[in-house]
file target.txt (compact mmCIF, C-alpha atoms)
# COMPACT_ATOMS: atom_id res chain seq x y z
CA MET A 372 0.00 0.00 0.00
CA ASN A 373 1.41 3.35 -1.08
CA LEU A 374 0.29 6.35 1.01
CA ASP A 375 2.44 8.88 -0.87
CA PRO A 376 -0.01 11.38 -2.37
CA THR A 377 -0.33 11.77 -6.13
CA PRO A 378 -0.72 15.27 -7.64
CA GLU A 379 -4.49 14.74 -7.53
CA GLU A 380 -4.31 13.79 -3.87
CA GLN A 381 -2.11 16.80 -3.11
CA SER A 382 -4.81 18.94 -4.71
CA PHE A 383 -7.39 17.19 -2.54
CA GLN A 384 -5.28 17.88 0.55
CA SER A 385 -5.18 21.57 -0.37
CA GLU A 386 -8.96 21.57 -0.78
CA VAL A 387 -9.45 20.05 2.68
CA ARG A 388 -7.05 22.54 4.26
CA ALA A 389 -8.80 25.47 2.57
CA PHE A 390 -12.18 24.25 3.83
CA LEU A 391 -10.88 23.90 7.38
CA GLU A 392 -9.24 27.32 7.35
CA GLU A 393 -12.53 28.86 6.27
CA HIS A 394 -14.97 26.97 8.49
CA LEU A 395 -13.09 25.84 11.59
CA THR A 396 -13.51 28.77 13.96
CA ASP A 397 -11.52 29.38 17.14
CA GLU A 398 -14.68 28.60 19.12
CA LEU A 399 -14.95 25.19 17.45
CA LYS A 400 -11.25 24.48 18.01
CA GLN A 401 -11.67 25.24 21.70
CA ALA A 402 -14.79 23.07 21.86
CA ALA A 403 -12.85 20.23 20.24
CA GLN A 404 -10.81 19.95 23.45
CA ASP A 405 -13.90 18.51 25.14
CA GLY A 406 -13.93 15.45 22.85
CA LEU A 407 -17.18 13.50 23.11
CA SER A 408 -18.28 15.87 25.89
CA ILE A 409 -18.63 18.70 23.39
CA ASP A 410 -21.60 21.03 23.81
CA ARG A 411 -24.40 19.72 21.59
CA GLU A 412 -25.03 23.03 19.86
CA LEU A 413 -21.38 23.41 18.88
CA GLY A 414 -21.05 19.75 17.98
CA THR A 415 -24.08 19.97 15.69
CA GLN A 416 -22.78 23.21 14.19
CA TRP A 417 -19.56 21.49 13.09
CA HIS A 418 -21.40 18.36 11.97
CA ARG A 419 -23.63 20.42 9.67
CA LYS A 420 -20.70 22.25 8.12
CA LEU A 421 -19.27 18.87 7.10
CA HIS A 422 -22.69 17.64 6.00
CA ASP A 423 -23.28 20.68 3.79
CA LYS A 424 -19.92 20.02 2.16
CA GLY A 425 -20.80 16.34 1.67
CA TRP A 426 -17.93 15.17 3.88
CA VAL A 427 -19.63 14.09 7.09
CA ALA A 428 -19.68 10.33 6.32
CA PRO A 429 -16.74 9.87 3.96
CA ASP A 430 -16.46 6.10 4.33
CA TRP A 431 -20.17 5.35 3.90
CA PRO A 432 -21.35 3.87 0.57
CA VAL A 433 -22.03 6.60 -1.98
CA ASP A 434 -25.69 5.52 -2.23
CA TYR A 435 -26.17 6.47 1.42
CA GLY A 436 -24.23 9.75 1.46
CA GLY A 437 -20.59 8.66 1.32
CA THR A 438 -17.90 10.31 -0.76
CA GLY A 439 -16.44 7.42 -2.73
CA TRP A 440 -12.95 8.56 -1.73
CA SER A 441 -9.92 6.33 -2.08
CA THR A 442 -8.15 4.88 0.95
CA THR A 443 -5.47 7.54 0.63
CA GLN A 444 -8.04 10.33 0.48
CA LEU A 445 -9.68 9.01 3.65
CA HIS A 446 -6.23 8.95 5.25
CA ILE A 447 -5.48 12.53 4.16
CA TYR A 448 -8.87 13.74 5.38
CA GLY A 449 -8.38 12.23 8.84
CA GLU A 450 -4.87 13.66 9.07
CA GLU A 451 -6.01 17.16 8.15
CA LEU A 452 -8.92 17.15 10.62
CA ALA A 453 -6.55 16.16 13.42
CA ARG A 454 -3.85 18.61 12.34
CA ALA A 455 -6.34 21.49 12.34
CA GLY A 456 -7.80 20.52 15.73
CA ALA A 457 -11.35 19.89 14.46
CA PRO A 458 -14.02 18.52 16.81
CA PHE A 459 -15.07 14.88 16.67
CA THR A 460 -18.32 14.13 14.94
CA GLN A 461 -20.39 11.98 17.30
CA PRO A 462 -19.50 8.38 16.45
CA PHE A 463 -22.62 6.66 17.76
CA GLY A 464 -24.66 7.59 14.71
CA LEU A 465 -22.10 7.94 11.95
CA SER A 466 -19.65 5.18 12.84
CA MET A 467 -21.82 2.71 14.75
CA VAL A 468 -25.57 2.49 14.27
CA GLY A 469 -25.63 4.19 10.86
CA PRO A 470 -23.70 1.38 9.12
CA VAL A 471 -25.89 -1.20 10.91
CA ILE A 472 -29.05 0.50 9.64
CA TYR A 473 -27.95 0.84 6.01
CA THR A 474 -26.56 -2.71 5.99
CA PHE A 475 -29.23 -4.66 7.91
CA GLY A 476 -32.20 -2.29 8.30
CA ASN A 477 -35.30 -2.30 6.16
CA GLU A 478 -36.25 0.53 3.83
CA ASP A 479 -38.58 2.20 6.35
CA GLN A 480 -35.81 2.23 8.96
CA LYS A 481 -33.36 3.70 6.48
CA ARG A 482 -35.80 6.46 5.49
CA GLN A 483 -36.54 7.25 9.13
CA HIS A 484 -33.03 7.32 10.55
CA ILE A 485 -30.33 7.86 7.92
CA PRO A 486 -31.20 11.56 7.14
CA GLY A 487 -31.04 12.59 10.82
CA ILE A 488 -27.75 10.79 11.35
CA LEU A 489 -26.24 12.49 8.30
CA ASP A 490 -27.39 16.05 9.01
CA GLY A 491 -26.65 15.84 12.75
CA SER A 492 -30.18 16.68 13.85
CA VAL A 493 -30.52 13.37 15.72
CA TRP A 494 -27.96 12.26 18.31
CA TRP A 495 -27.55 8.62 19.34
CA CYS A 496 -26.10 6.73 22.27
CA GLN A 497 -25.12 3.08 22.71
CA GLY A 498 -26.93 0.66 25.02
CA TYR A 499 -24.55 -2.28 25.26
CA SER A 500 -22.79 -2.56 28.66
CA GLU A 501 -24.68 -3.44 31.82
CA PRO A 502 -23.62 -3.90 35.45
CA GLY A 503 -21.89 -7.27 35.32
CA SER A 504 -22.05 -7.47 31.50
CA GLY A 505 -19.28 -5.46 29.94
CA SER A 506 -16.44 -7.59 28.66
CA ASP A 507 -18.79 -10.59 28.68
CA LEU A 508 -21.46 -8.72 26.75
CA ALA A 509 -23.39 -11.88 25.82
CA SER A 510 -24.39 -12.23 29.48
CA LEU A 511 -26.57 -9.10 29.28
CA ARG A 512 -29.92 -9.30 31.10
CA THR A 513 -31.99 -6.33 29.92
CA ALA A 514 -35.16 -8.13 28.83
CA ALA A 515 -37.53 -7.41 25.95
CA VAL A 516 -40.79 -9.39 26.13
CA ARG A 517 -43.08 -9.44 23.09
CA ASP A 518 -46.55 -7.98 23.69
CA GLY A 519 -48.46 -7.73 20.43
CA ASP A 520 -46.81 -5.15 18.20
CA ASN A 521 -44.44 -4.00 20.95
CA TYR A 522 -41.61 -5.22 23.11
CA VAL A 523 -41.76 -4.36 26.80
CA VAL A 524 -38.20 -3.57 27.90
CA ASN A 525 -36.94 -3.76 31.50
CA GLY A 526 -33.36 -3.50 32.67
CA GLN A 527 -30.35 -1.23 32.98
CA LYS A 528 -27.46 -0.03 30.82
CA ILE A 529 -24.32 1.65 32.16
CA TRP A 530 -21.37 3.77 30.98
CA THR A 531 -23.70 5.19 28.34
CA THR A 532 -21.85 8.11 26.80
CA ASN A 533 -24.02 11.16 26.06
CA ALA A 534 -27.30 9.46 27.00
CA HIS A 535 -28.27 12.79 28.57
CA LYS A 536 -27.91 14.49 25.17
CA ALA A 537 -29.15 11.72 22.89
CA ASP A 538 -32.48 11.49 21.05
CA TRP A 539 -32.24 7.72 20.38
CA ILE A 540 -30.41 4.74 21.83
CA PHE A 541 -29.53 1.51 20.05
CA CYS A 542 -29.82 -1.37 22.49
CA LEU A 543 -28.96 -5.02 22.81
CA VAL A 544 -31.79 -6.76 24.67
CA ARG A 545 -32.52 -10.37 25.60
CA THR A 546 -35.56 -11.69 23.75
CA ASP A 547 -35.03 -15.41 24.44
CA PRO A 548 -33.78 -16.18 27.95
CA ASN A 549 -33.72 -19.94 27.27
CA SER A 550 -31.32 -20.08 24.31
CA LYS A 551 -27.55 -19.88 24.26
CA PRO A 552 -26.43 -16.38 25.29
CA GLN A 553 -25.43 -15.10 21.82
CA LYS A 554 -28.56 -16.55 20.18
CA GLY A 555 -31.15 -14.91 22.42
CA ILE A 556 -30.29 -11.24 21.78
CA SER A 557 -32.07 -8.69 19.60
CA PHE A 558 -31.05 -5.22 18.39
CA LEU A 559 -33.59 -2.46 19.12
CA LEU A 560 -33.73 1.24 18.24
CA ILE A 561 -35.41 3.13 21.09
CA ASP A 562 -36.60 6.73 21.24
CA MET A 563 -35.16 8.28 24.42
CA LYS A 564 -38.41 10.18 25.00
CA THR A 565 -40.33 6.93 25.50
CA PRO A 566 -42.03 6.76 28.93
CA GLY A 567 -40.17 4.57 31.41
CA ILE A 568 -36.63 5.63 30.46
CA GLU A 569 -34.56 7.30 33.19
CA VAL A 570 -31.04 8.68 32.72
CA ARG A 571 -28.79 9.12 35.77
CA PRO A 572 -25.40 10.85 35.51
CA ILE A 573 -22.04 9.24 36.28
CA ILE A 574 -19.25 11.72 36.98
CA ALA A 575 -16.07 10.19 35.59
CA ILE A 576 -12.61 10.29 37.16
CA ASP A 577 -11.77 13.26 34.91
CA GLY A 578 -14.49 15.25 36.72
CA TRP A 579 -16.76 15.58 33.68
CA HIS A 580 -20.28 14.33 32.98
CA HIS A 581 -20.32 12.33 29.79
CA LEU A 582 -21.23 8.90 31.18
CA ASN A 583 -24.62 7.76 32.43
CA GLU A 584 -26.76 4.93 33.71
CA VAL A 585 -29.95 4.29 31.73
CA TYR A 586 -32.90 2.51 33.37
CA PHE A 587 -35.78 0.92 31.45
CA THR A 588 -39.04 0.30 33.31
CA ASP A 589 -41.85 -1.21 31.20
CA VAL A 590 -40.64 0.71 28.15
CA ARG A 591 -42.81 -0.11 25.14
CA VAL A 592 -40.84 -0.30 21.89
CA PRO A 593 -42.53 -1.03 18.55
CA VAL A 594 -41.46 -4.30 16.96
CA THR A 595 -40.83 -2.25 13.81
CA ASN A 596 -37.86 -0.73 15.68
CA ARG A 597 -36.03 -4.06 15.68
CA ILE A 598 -33.10 -4.37 13.30
CA GLY A 599 -33.20 -7.62 11.35
CA GLU A 600 -34.46 -10.86 12.84
CA GLU A 601 -35.42 -11.52 16.44
CA ASN A 602 -32.67 -13.25 18.44
CA GLU A 603 -30.07 -12.47 15.75
CA GLY A 604 -28.87 -9.20 17.30
CA TRP A 605 -25.45 -10.60 18.14
CA THR A 606 -24.63 -10.69 14.42
CA TYR A 607 -25.41 -6.98 14.05
CA ALA A 608 -23.63 -6.17 17.32
CA LYS A 609 -20.39 -7.80 16.12
CA PHE A 610 -20.62 -5.88 12.85
CA LEU A 611 -21.02 -2.63 14.78
CA LEU A 612 -18.14 -3.40 17.12
CA GLY A 613 -15.86 -3.93 14.13
CA HIS A 614 -16.58 -0.36 13.00
CA GLU A 615 -16.24 0.97 16.55
CA ARG A 616 -12.88 -0.68 17.18
CA THR A 617 -11.51 0.57 13.88
CA GLY A 618 -12.42 4.13 14.89
CA ILE A 619 -10.98 3.70 18.40
CA ALA A 620 -7.51 3.20 16.86
CA GLY A 621 -7.27 7.00 16.59
CA VAL A 622 -4.22 7.20 14.33
CA ALA A 623 -4.59 10.81 13.26
CA GLY A 624 -5.14 12.09 16.80
CA SER A 625 -2.16 10.15 18.11
CA LYS A 626 0.06 11.54 15.37
CA LYS A 627 -0.92 15.07 16.36
CA ALA A 628 -0.28 14.32 20.04
CA LEU A 629 3.14 12.86 19.21
CA ALA A 630 4.07 15.88 17.09
CA LYS A 631 3.24 18.19 20.01
CA LEU A 632 5.37 16.12 22.38
CA LYS A 633 8.30 16.23 19.95
CA GLU A 634 7.94 20.00 19.75
CA ILE A 635 8.03 20.30 23.54
CA ALA A 636 10.97 17.93 23.81
CA ALA A 637 12.95 19.93 21.25
CA GLU A 638 12.34 23.38 22.68
CA GLU A 639 9.67 24.80 24.93
CA PRO A 640 7.62 27.70 23.53
CA ASN A 641 9.23 30.31 25.80
CA GLY A 642 12.54 29.81 24.01
CA ALA A 643 14.30 27.88 26.74
CA GLY A 644 15.85 24.58 25.80
CA SER A 645 13.71 21.71 27.06
CA PRO A 646 15.22 19.49 29.76
CA LEU A 647 13.31 16.65 28.13
CA ALA A 648 15.75 16.70 25.22
CA GLY A 649 18.41 15.34 27.54
CA ASP A 650 16.14 12.77 29.16
CA PHE A 651 17.10 9.52 27.44
CA GLY A 652 14.26 7.61 29.04
CA PHE A 653 11.64 10.08 27.82
CA MET A 654 13.10 10.29 24.33
CA SER A 655 13.43 6.51 23.94
CA ARG A 656 9.84 5.95 25.04
CA MET A 657 8.67 8.59 22.62
CA ALA A 658 10.64 6.90 19.82
CA GLU A 659 9.08 3.55 20.71
CA VAL A 660 5.61 5.08 20.44
CA GLU A 661 6.50 6.57 17.07
CA VAL A 662 7.53 3.17 15.70
CA LYS A 663 4.34 1.53 16.97
CA LEU A 664 2.27 4.37 15.55
CA ALA A 665 3.82 3.89 12.10
CA SER A 666 2.84 0.21 12.26
CA LEU A 667 -0.68 1.10 13.37
CA GLU A 668 -1.04 3.55 10.51
CA MET A 669 -0.22 0.85 7.97
CA MET A 670 -2.66 -1.57 9.63
CA GLU A 671 -5.40 1.04 9.56
CA GLY A 672 -4.74 1.72 5.88
CA ARG A 673 -5.25 -1.94 5.03
CA VAL A 674 -8.49 -2.11 7.02
CA LEU A 675 -9.82 1.09 5.42
CA SER A 676 -8.99 -0.38 2.04
CA ASP A 677 -10.95 -3.54 2.88
CA LEU A 678 -13.91 -1.51 4.16
CA SER A 679 -14.02 0.69 1.07
CA ALA A 680 -13.97 -2.48 -1.06
CA GLY A 681 -17.08 -3.74 0.75
CA SER A 682 -15.39 -6.13 3.18
CA SER A 683 -15.69 -6.03 6.97
CA ALA A 684 -12.91 -5.05 9.33
CA GLY A 685 -12.97 -8.58 10.71
CA ASP A 686 -10.46 -9.64 13.34
CA ALA A 687 -8.06 -6.89 12.27
CA ALA A 688 -10.32 -4.48 14.16
CA SER A 689 -9.26 -6.18 17.40
CA ALA A 690 -5.58 -5.66 16.58
CA LEU A 691 -6.23 -2.01 15.72
CA LYS A 692 -8.08 -1.51 18.98
CA ILE A 693 -5.33 -3.07 21.10
CA LEU A 694 -2.41 -1.22 19.57
CA GLY A 695 -4.24 2.06 19.08
CA THR A 696 -5.45 2.36 22.67
CA GLU A 697 -2.10 1.33 24.14
CA ILE A 698 -0.43 4.04 22.05
CA GLN A 699 -2.97 6.60 23.28
CA GLN A 700 -2.26 5.69 26.90
CA ALA A 701 1.51 5.86 26.35
CA LEU A 702 1.14 9.32 24.82
CA GLU A 703 -0.98 10.49 27.75
CA GLU A 704 1.68 9.29 30.20
CA LEU A 705 4.34 11.19 28.26
CA ARG A 706 2.10 14.25 28.17
CA VAL A 707 1.81 14.30 31.96
CA GLU A 708 5.57 13.88 32.24
CA ALA A 709 6.12 16.76 29.81
CA ALA A 710 3.73 18.99 31.79
CA ALA A 711 5.53 18.01 35.02
CA TYR A 712 4.06 19.63 38.13
CA TYR A 713 1.84 21.87 35.98
CA ALA A 714 -0.34 18.81 35.40
CA VAL A 715 -1.19 18.53 39.11
CA PRO A 716 -4.87 19.54 39.46
CA PHE A 717 -4.57 22.24 42.13
CA GLY A 718 -6.23 25.16 40.39
CA ASN A 719 -3.93 28.07 39.52
CA ASP A 720 -1.71 27.98 42.60
CA HIS A 721 1.00 25.99 40.83
CA LEU A 722 1.29 28.22 37.75
CA ASP A 723 4.60 29.73 36.80
CA PRO A 724 5.01 32.87 38.99
CA LYS A 725 6.71 34.89 36.26
CA ASN A 726 4.44 34.20 33.30
CA ASN A 727 1.40 33.13 35.33
CA GLU A 728 0.99 30.21 32.99
CA PRO A 729 2.88 26.99 32.28
CA PRO A 730 5.66 27.45 29.73
CA ILE A 731 4.19 24.64 27.59
CA GLY A 732 0.82 26.40 27.41
CA PRO A 733 -2.03 26.52 29.95
CA ASP A 734 -4.50 24.42 27.96
CA TYR A 735 -1.98 21.65 27.33
CA ALA A 736 -0.98 21.45 30.99
CA ALA A 737 -4.51 21.72 32.35
CA ARG A 738 -5.80 18.88 30.20
CA ALA A 739 -2.82 16.57 30.68
CA ASN A 740 -4.09 15.27 34.01
CA ARG A 741 -7.72 14.96 32.88
CA ASN A 742 -6.81 13.09 29.71
CA PHE A 743 -4.46 10.81 31.60
CA PHE A 744 -7.15 9.74 34.06
CA TYR A 745 -9.91 9.26 31.50
CA GLY A 746 -7.43 7.55 29.18
CA ARG A 747 -7.35 4.56 31.54
CA ALA A 748 -10.67 3.67 29.90
CA HIS A 749 -9.23 3.43 26.37
CA THR A 750 -8.26 -0.21 26.83
CA ILE A 751 -11.64 -1.04 28.38
CA TYR A 752 -14.39 0.45 26.21
CA GLY A 753 -15.22 -1.13 22.87
CA GLY A 754 -14.35 -4.51 24.37
CA THR A 755 -11.40 -4.78 26.75
CA ASN A 756 -7.99 -5.42 25.26
CA GLU A 757 -7.80 -8.70 27.16
CA ILE A 758 -10.93 -9.88 25.36
CA GLN A 759 -9.53 -8.65 22.03
CA ARG A 760 -6.44 -10.78 22.60
CA ASN A 761 -8.72 -13.76 23.15
CA VAL A 762 -10.49 -12.97 19.87
CA ILE A 763 -7.18 -12.90 18.01
CA SER A 764 -5.90 -16.06 19.67
CA LYS A 765 -8.99 -17.99 18.59
CA ALA A 766 -9.84 -16.49 15.20
CA VAL A 767 -6.34 -15.74 13.89
CA LEU A 768 -3.98 -18.10 15.70
CA GLY A 769 -6.44 -20.96 16.10
CA LEU A 770 -5.61 -21.47 19.77
call {"tool": "encode", "arguments": {"input": "target.txt", "output": "C-alpha cells"}}
result
Amino acid sequence: MNLDPTPEEQSFQSEVRAFLEEHLTDELKQAAQDGLSIDRELGTQWHRKLHDKGWVAPDWPVDYGGTGWSTTQLHIYGEELARAGAPFTQPFGLSMVGPVIYTFGNEDQKRQHIPGILDGSVWWCQGYSEPGSGSDLASLRTAAVRDGDNYVVNGQKIWTTNAHKADWIFCLVRTDPNSKPQKGISFLLIDMKTPGIEVRPIIAIDGWHHLNEVYFTDVRVPVTNRIGEENEGWTYAKFLLGHERTGIAGVAGSKKALAKLKEIAAEEPNGAGSPLAGDFGFMSRMAEVEVKLASLEMMEGRVLSDLSAGSSAGDAASALKILGTEIQQALEELRVEAAAYYAVPFGNDHLDPKNNEPPIGPDYAARANRNFFYGRAHTIYGGTNEIQRNVISKAVLGL
C-alpha cells in the first residue's frame, strides 16, 4: 500500500485545508478539546458544516451519502482534521448504528433514521454494557418481552456516553432467555423520550459528565424498531463493534499528540531549551511510540482499504483496537511527564510565577491530568484489550 499522495491527492489535501481554514472557527477548536463531551449546539454546528460540504460520512457507501474517496483520500482527510484541531463528529450515529441500519435495516428504517444521522439533527447513544455485562457482553440481562406489536423492555445499561444528550439509543436486549447467550439477543432502536426511560449521571474520574446509567421500566418499543431478525442481534452487534474498534484506533489524533510532544521535547515555547531533550528515558519511550504508531497507521490503511472495497474489518479491528489504545495511553503518560508539576490539578496555585501560565501552554498542561485519568478507559471500552487478545488467539492463531 502506497500512502504517498499523487498530484491529484495533493490537490485534494489543499482543498481540505482550505475548507478547514474557512470553516473551523476558534470557538470550534476550543470546543474540540472537550472530545465526546462537546456542547451539543457546537457539535451539531460542526457536523452540519461537514454535511453541507458532503464530507460528514466519507467512508459510507455513496448511495447512502458517502464520498467514494480512495483509501489515501480518507487517510489525508483524517490527518487534516486532526492537524487542524477539528471537533469529533459523534460516532454513535455515523460510525456505529448508521452502518448497521444501512446494511441490515429495512427501507422504512433507512428512510426514518439515515437523514437525521447524516445532518446531525438526531444524536444517538449506545446501550450495550450493563452492570456485570461489559467484557462478557453476551451475558446481558436487559429483557424485551413481546406484547403484540411492541416489546416491553426492562433493565439497565451503564457507561452510556451522552445518554443525557441523545435522542435515540440503540440497544442489545434479551428476547429469548432460554437459548444460548449469543442466540437470544435482539437489536432495538429506542426513542429516548419513550415513557419509562430514566437517565442518571455518572461523573467520571476526569471530573466531567459524559457517562450515564440508563434505566428501562416497562418501556414499550414497537417491533418495527427491531433491526433484522429476532434473536439475531449478536450478528449486528459484532458488525457494529468492528466499526467501533476501527475508529478507536485514533491514528490521526495520536500523530498530532506525538508531534506536540516532539515539539516540547525539542524546545519549549518560551525559548528555553527543554530538559526533556536530555532525558534519554523520555526520548526513547517517545521513539518507541512513534515506531508503533507507524505500524498502526499501515494496519489502519489496510483495514480502510478492505472496508471501502465492501469487506468487513474482521479480526483486524481487534488488533487495531489493542495497539491504538495502548499508544494513546503511552502518549498520555508522556504528556503528563512533559507537563511536570503543571499537570497537578490544584487550580492556579501551581502556575509559573513569572508568566502566570505553564511554559508549555495553559490548555496543554490543564488537560494533561484529565486526559491521563480518563485515558485509563481506552483499553476497556469497545471490548477490553484482554478480550480482544482472546479474539485474536482464537480467530487468527487458532488457539
call {"tool": "closest_residue", "arguments": {"input": "target.txt", "among": "A:Pro593, A:Gly425, A:Gly464, A:Pro432", "to": "Leu559 of chain A", "atoms": "all atoms listed in the file"}}
result
A:Pro593
call {"tool": "closest_residue", "arguments": {"input": "target.txt", "among": "A:Thr443, A:Lys424, A:Leu675, A:Leu768", "to": "Thr377 of chain A", "atoms": "only C-alpha atoms"}}
result
A:Thr443
call {"tool": "atom_distance", "arguments": {"input": "target.txt", "atom1": "atom CA of Thr438 of chain A", "atom2": "atom CA of Lys536 of chain A"}}
result
28.1 Å
call {"tool": "residues_around", "arguments": {"input": "target.txt", "residues": "Leu632 of chain A", "least_positions_apart": "3", "cutoff": "9 Å", "atoms": "all atoms listed in the file", "output": "ChimeraX atom specification"}}
result
/A:627-629,635-637,657,702,705-706,709
call {"tool": "closest_residue", "arguments": {"input": "target.txt", "among": "A:Ala739, A:Met563, A:Val660, A:Val427", "to": "Ala711 of chain A", "atoms": "only C-alpha atoms"}}
result
A:Ala739
call {"tool": "residues_around", "arguments": {"input": "target.txt", "residues": "Ser510 of chain A", "least_positions_apart": "2", "cutoff": "12 Å", "atoms": "only C-alpha atoms", "output": "VMD selection string"}}
result
chain A and resid 499 to 508 512 to 514 543 to 545 548 550 to 556 605
call {"tool": "residues_around", "arguments": {"input": "target.txt", "residues": "Ile447 of chain A", "least_positions_apart": "5", "cutoff": "12 Å", "atoms": "only C-alpha atoms", "output": "list in words"}}
result
Leu374, Asp375, Pro376, Thr377, Glu379, Glu380, Gln381, Ser382, Phe383, Gln384, Ser385, Glu386, Val387, Arg388, Pro429, Trp440, Ser441, Thr442, Leu452, Ala453, Arg454, Val622, Ala623, Glu668 and Gly672 of chain A
call {"tool": "write_last_selection", "arguments": {"input": "target.txt", "atoms": "C-alpha atoms", "output": "CSV table (one decimal), keeping the file's coordinate frame"}}
result
chain,number,residue,atom,x,y,z
A,374,LEU,CA,0.3,6.4,1.0
A,375,ASP,CA,2.4,8.9,-0.9
A,376,PRO,CA,0.0,11.4,-2.4
A,377,THR,CA,-0.3,11.8,-6.1
A,379,GLU,CA,-4.5,14.7,-7.5
A,380,GLU,CA,-4.3,13.8,-3.9
A,381,GLN,CA,-2.1,16.8,-3.1
A,382,SER,CA,-4.8,18.9,-4.7
A,383,PHE,CA,-7.4,17.2,-2.5
A,384,GLN,CA,-5.3,17.9,0.6
A,385,SER,CA,-5.2,21.6,-0.4
A,386,GLU,CA,-9.0,21.6,-0.8
A,387,VAL,CA,-9.4,20.0,2.7
A,388,ARG,CA,-7.0,22.5,4.3
A,429,PRO,CA,-16.7,9.9,4.0
A,440,TRP,CA,-13.0,8.6,-1.7
A,441,SER,CA,-9.9,6.3,-2.1
A,442,THR,CA,-8.2,4.9,1.0
A,452,LEU,CA,-8.9,17.2,10.6
A,453,ALA,CA,-6.6,16.2,13.4
A,454,ARG,CA,-3.8,18.6,12.3
A,622,VAL,CA,-4.2,7.2,14.3
A,623,ALA,CA,-4.6,10.8,13.3
A,668,GLU,CA,-1.0,3.6,10.5
A,672,GLY,CA,-4.7,1.7,5.9
call {"tool": "residues_around", "arguments": {"input": "target.txt", "residues": "Ala428 of chain A", "least_positions_apart": "2", "cutoff": "7 Å", "atoms": "all atoms listed in the file", "output": "list of chain:residue names"}}
result
A:Trp426, A:Asp430, A:Trp431, A:Gly436, A:Gly437, A:Leu465
call {"tool": "closest_residue", "arguments": {"input": "target.txt", "among": "A:Gly613, A:Gly439, A:Gly469, A:Gly754", "to": "Gly487 of chain A", "atoms": "only C-alpha atoms"}}
result
A:Gly469
call {"tool": "atom_distance", "arguments": {"input": "target.txt", "atom1": "atom CA of Val594 of chain A", "atom2": "atom CA of Ala515 of chain A"}}
result
10.3 Å
call {"tool": "closest_residue", "arguments": {"input": "target.txt", "among": "A:Lys481, A:Lys420, A:Lys626, A:Lys528", "to": "Gly449 of chain A", "atoms": "all atoms listed in the file"}}
result
A:Lys626
call {"tool": "atom_distance", "arguments": {"input": "target.txt", "atom1": "atom CA of Ala534 of chain A", "atom2": "atom CA of Ser492 of chain A"}}
result
15.3 Å
call {"tool": "closest_residue", "arguments": {"input": "target.txt", "among": "A:Trp417, A:Tyr435, A:Phe390, A:Trp530", "to": "Glu451 of chain A", "atoms": "all atoms listed in the file"}}
result
A:Phe390
call {"tool": "residues_near_point", "arguments": {"input": "target.txt", "point": "(-15.3, 5.7, 29.0)", "cutoff": "12 Å", "atoms": "only C-alpha atoms", "output": "VMD selection string"}}
result
chain A and resid 406 to 408 497 500 505 529 to 533 573 to 577 579 to 583 619 742 744 to 755
call {"tool": "residues_around", "arguments": {"input": "target.txt", "residues": "Glu659 of chain A", "least_positions_apart": "4", "cutoff": "12 Å", "atoms": "all atoms listed in the file", "output": "tab-separated table (two decimals) with C-alpha atoms, in the frame of the given file"}}
result
chain	number	residue	atom	x	y	z
A	629	LEU	CA	3.14	12.86	19.21
A	652	GLY	CA	14.26	7.61	29.04
A	653	PHE	CA	11.64	10.08	27.82
A	654	MET	CA	13.10	10.29	24.33
A	655	SER	CA	13.43	6.51	23.94
A	663	LYS	CA	4.34	1.53	16.97
A	664	LEU	CA	2.27	4.37	15.55
A	665	ALA	CA	3.82	3.89	12.10
A	666	SER	CA	2.84	0.21	12.26
A	697	GLU	CA	-2.10	1.33	24.14
A	698	ILE	CA	-0.43	4.04	22.05
A	701	ALA	CA	1.51	5.86	26.35
A	702	LEU	CA	1.14	9.32	24.82
A	705	LEU	CA	4.34	11.19	28.26
call {"tool": "axis_aligned_box", "arguments": {"input": "target.txt", "around": "segment 498-515 of chain A", "padding_each_side": "8 Å", "output": "AutoDock Vina command-line options"}}
result
--center_x -27.0 --center_y -5.8 --center_z 30.2 --size_x 37.1 --size_y 28.9 --size_z 26.4
call {"tool": "decode", "arguments": {"input": "target.txt", "residues": "segment 381-391 of chain A", "atoms": "N, CA and C atoms", "output": "PDB file, in the first residue's frame"}}
result
ATOM      1  N   GLN A 381      -2.643  15.552  -3.670  1.00  0.00           N
ATOM      2  CA  GLN A 381      -2.108  16.796  -3.106  1.00  0.00           C
ATOM      3  C   GLN A 381      -3.109  17.933  -3.300  1.00  0.00           C
ATOM      4  N   SER A 382      -3.775  17.937  -4.458  1.00  0.00           N
ATOM      5  CA  SER A 382      -4.810  18.936  -4.708  1.00  0.00           C
ATOM      6  C   SER A 382      -5.971  18.752  -3.745  1.00  0.00           C
ATOM      7  N   PHE A 383      -6.324  17.488  -3.497  1.00  0.00           N
ATOM      8  CA  PHE A 383      -7.388  17.189  -2.542  1.00  0.00           C
ATOM      9  C   PHE A 383      -7.000  17.661  -1.141  1.00  0.00           C
ATOM     10  N   GLN A 384      -5.756  17.425  -0.751  1.00  0.00           N
ATOM     11  CA  GLN A 384      -5.280  17.881   0.548  1.00  0.00           C
ATOM     12  C   GLN A 384      -5.400  19.395   0.681  1.00  0.00           C
ATOM     13  N   SER A 385      -5.057  20.110  -0.374  1.00  0.00           N
ATOM     14  CA  SER A 385      -5.179  21.573  -0.369  1.00  0.00           C
ATOM     15  C   SER A 385      -6.637  21.997  -0.228  1.00  0.00           C
ATOM     16  N   GLU A 386      -7.532  21.255  -0.881  1.00  0.00           N
ATOM     17  CA  GLU A 386      -8.959  21.571  -0.782  1.00  0.00           C
ATOM     18  C   GLU A 386      -9.454  21.392   0.648  1.00  0.00           C
ATOM     19  N   VAL A 387      -9.033  20.296   1.293  1.00  0.00           N
ATOM     20  CA  VAL A 387      -9.448  20.051   2.676  1.00  0.00           C
ATOM     21  C   VAL A 387      -8.903  21.140   3.589  1.00  0.00           C
ATOM     22  N   ARG A 388      -7.651  21.500   3.415  1.00  0.00           N
ATOM     23  CA  ARG A 388      -7.054  22.536   4.256  1.00  0.00           C
ATOM     24  C   ARG A 388      -7.768  23.875   4.075  1.00  0.00           C
ATOM     25  N   ALA A 389      -8.112  24.207   2.833  1.00  0.00           N
ATOM     26  CA  ALA A 389      -8.804  25.469   2.573  1.00  0.00           C
ATOM     27  C   ALA A 389     -10.176  25.478   3.243  1.00  0.00           C
ATOM     28  N   PHE A 390     -10.860  24.345   3.178  1.00  0.00           N
ATOM     29  CA  PHE A 390     -12.175  24.253   3.827  1.00  0.00           C
ATOM     30  C   PHE A 390     -12.043  24.450   5.335  1.00  0.00           C
ATOM     31  N   LEU A 391     -11.059  23.797   5.939  1.00  0.00           N
ATOM     32  CA  LEU A 391     -10.875  23.896   7.383  1.00  0.00           C
ATOM     33  C   LEU A 391     -10.481  25.309   7.794  1.00  0.00           C
TER      34      LEU A 391
END
